[in-house]
Amino acid sequence: MKRKIISYASALFFLAVFNCKRDKPDPECRDASCCNPFAYEYVEYLVDEPVALTGPPYYAYHAFQFSRKFPSKSDGRYLTDLASICEKSFHKLSGFPLSYGKNNDSNAFPYRVSGKLLDWKGEKAVHLPILTLYIDKIEKIN
């Protein structure tokens with residue numbers, strides 16, 4: 001009888017500790033699992049936001065230049081209009097040429113993007129957001 005109780009207790013303990021569901025990524029990306037949950041935290045979801053695409057050779061990394069500043073829910077001092085692109089969504093950029101070059105004179109925002117906006121949660125040198133965007137959808141504006 002004692003062995004049965006110990007074996008049942010052990011089985012329950014292992015089920016609680018090694019639960020399969022706890023490591024699954026959040027489909028809404030509220031925990032930043034779509035990019036890097038240890039480095040970023042979810043800020044907001046963007047829908048059909050006009051953007052310009054920049055990247056090498058003009059800049060060191062691929063990024064989106066927005067037509068307005070983010071995050072939307074801010075006190076007015078913690079804003080930026082630039083977001084890098086999450087590595088897990090780079091494949092969605094194929095077929096979209098750069099539209100924002102070395103002179104920073106983009107007179108148009110030729111793309112529309114929807115996705116999850118994430119902010120770096122580590123130490124920052126200045127009080128500005130370090131945003132990254134996980135692309136759900138990108139399209140050219142006609």
# chains A, B, ... in the order shown; residues from 1 in each chain; ligands from 1
>>> residues_around(residues="segment 106-119 of chain A", least_positions_apart="4", cutoff="8 Å", atoms="only C-alpha atoms", output="tab-separated table (two decimals) with N, CA and C atoms, in the first residue's frame")
chain	number	residue	atom	x	y	z
A	29	CYS	N	1.67	36.05	-28.76
A	29	CYS	CA	3.01	36.62	-28.53
A	29	CYS	C	3.01	37.64	-27.39
A	32	ALA	N	6.34	37.55	-25.84
A	32	ALA	CA	7.44	37.80	-26.78
A	32	ALA	C	8.08	36.51	-27.27
A	40	TYR	N	12.95	40.53	-25.00
A	40	TYR	CA	11.92	41.48	-25.39
A	40	TYR	C	10.64	41.28	-24.59
A	41	GLU	N	9.84	42.35	-24.53
A	41	GLU	CA	8.51	42.25	-23.97
A	41	GLU	C	7.51	42.86	-24.94
A	42	TYR	N	6.33	42.31	-24.98
A	42	TYR	CA	5.29	42.72	-25.91
A	42	TYR	C	4.83	44.15	-25.61
A	43	VAL	N	4.67	44.96	-26.67
A	43	VAL	CA	4.21	46.33	-26.50
A	43	VAL	C	2.80	46.50	-27.06
A	44	GLU	N	2.64	46.23	-28.35
A	44	GLU	CA	1.32	46.38	-28.98
A	44	GLU	C	1.31	45.68	-30.33
A	45	TYR	N	0.12	45.57	-30.90
A	45	TYR	CA	-0.04	44.96	-32.21
A	45	TYR	C	-0.32	46.06	-33.22
A	46	LEU	N	0.45	46.09	-34.30
A	46	LEU	CA	0.26	47.09	-35.35
A	46	LEU	C	-0.56	46.48	-36.48
A	47	VAL	N	-1.48	47.26	-37.04
A	47	VAL	CA	-2.32	46.80	-38.14
A	47	VAL	C	-2.20	47.78	-39.30
A	48	ASP	N	-1.73	47.28	-40.44
A	48	ASP	CA	-1.62	48.05	-41.69
A	48	ASP	C	-0.95	49.41	-41.48
A	49	GLU	N	0.18	49.40	-40.82
A	49	GLU	CA	0.94	50.62	-40.55
A	49	GLU	C	1.84	50.94	-41.74
A	50	PRO	N	1.79	52.18	-42.30
A	50	PRO	CA	2.68	52.54	-43.42
A	50	PRO	C	4.14	52.61	-42.95
A	51	VAL	N	5.04	51.97	-43.72
A	51	VAL	CA	6.45	51.92	-43.35
A	51	VAL	C	7.34	52.04	-44.58
A	52	ALA	N	8.58	52.41	-44.32
A	52	ALA	CA	9.65	52.35	-45.32
A	52	ALA	C	10.66	51.33	-44.81
A	53	LEU	N	11.27	50.58	-45.71
A	53	LEU	CA	12.22	49.52	-45.35
A	53	LEU	C	13.63	50.00	-45.60
A	66	PHE	N	8.79	54.13	-39.52
A	66	PHE	CA	7.35	54.35	-39.45
A	66	PHE	C	6.98	55.78	-39.83
A	67	SER	N	5.73	55.96	-40.21
A	67	SER	CA	5.24	57.29	-40.52
A	67	SER	C	4.85	58.05	-39.26
A	99	SER	N	13.53	50.86	-49.43
A	99	SER	CA	12.88	52.09	-49.88
A	99	SER	C	13.35	53.31	-49.12
A	100	TYR	N	14.28	53.14	-48.20
A	100	TYR	CA	14.76	54.24	-47.37
A	100	TYR	C	16.28	54.16	-47.38
A	101	GLY	N	16.93	55.11	-48.06
A	101	GLY	CA	18.36	54.99	-48.30
A	101	GLY	C	19.25	55.84	-47.43
A	129	PRO	N	12.87	53.77	-26.49
A	129	PRO	CA	12.56	52.36	-26.75
A	129	PRO	C	13.49	51.77	-27.80
A	130	ILE	N	13.81	50.51	-27.65
A	130	ILE	CA	14.56	49.76	-28.66
A	130	ILE	C	13.58	48.72	-29.18
A	131	LEU	N	12.88	49.08	-30.25
A	131	LEU	CA	11.77	48.29	-30.74
A	131	LEU	C	12.19	47.27	-31.78
A	132	THR	N	11.50	46.16	-31.80
A	132	THR	CA	11.65	45.11	-32.80
A	132	THR	C	10.25	44.72	-33.24
A	133	LEU	N	10.11	44.42	-34.52
A	133	LEU	CA	8.80	44.05	-35.06
A	133	LEU	C	8.83	42.63	-35.60
A	134	TYR	N	7.90	41.82	-35.13
A	134	TYR	CA	7.69	40.49	-35.71
A	134	TYR	C	6.61	40.67	-36.77
A	135	ILE	N	6.94	40.39	-38.03
A	135	ILE	CA	6.03	40.65	-39.15
A	135	ILE	C	5.02	39.51	-39.28
A	136	ASP	N	3.75	39.86	-39.20
A	136	ASP	CA	2.70	38.90	-39.51
A	136	ASP	C	2.31	39.03	-40.98
A	137	LYS	N	2.28	40.28	-41.48
A	137	LYS	CA	1.88	40.52	-42.87
A	137	LYS	C	2.58	41.78	-43.37
A	138	ILE	N	3.09	41.73	-44.61
A	138	ILE	CA	3.65	42.92	-45.24
A	138	ILE	C	3.16	42.92	-46.68
A	139	GLU	N	2.80	44.12	-47.16
A	139	GLU	CA	2.32	44.25	-48.54
A	139	GLU	C	2.71	45.61	-49.08
A	140	LYS	N	2.79	45.69	-50.39
A	140	LYS	CA	3.12	46.94	-51.07
A	140	LYS	C	1.84	47.74	-51.25
A	141	ILE	N	1.92	49.05	-50.97
A	141	ILE	CA	0.80	49.95	-51.18
A	141	ILE	C	0.85	50.41	-52.62
A	142	ASN	N	-0.25	50.27	-53.32
A	142	ASN	CA	-0.29	50.68	-54.75
A	142	ASN	C	-0.49	52.15	-54.90
>>> closest_residue(among="A:Lys69, A:Lys4, A:His62, A:Lys124", to="Phe90 of chain A", atoms="only C-alpha atoms")
A:His62
>>> atom_distance(atom1="atom CA of Arg77 of chain A", atom2="atom CA of His127 of chain A")
8.3 Å
>>> atom_distance(atom1="atom CA of Pro57 of chain A", atom2="atom CA of Cys35 of chain A")
24.1 Å
>>> select_by_dssp(residues="segment 37-118 of chain A", states="strand (DSSP E)", output="number ranges by chain")
A: 40-54, 63-70, 80-85, 111-118
>>> atom_distance(atom1="atom CA of Gly122 of chain A", atom2="atom CA of Phe38 of chain A")
9.1 Å
>>> closest_residue(among="A:Tyr58, A:Phe96, A:Tyr78, A:Phe64", to="Val126 of chain A", atoms="only C-alpha atoms")
A:Tyr78
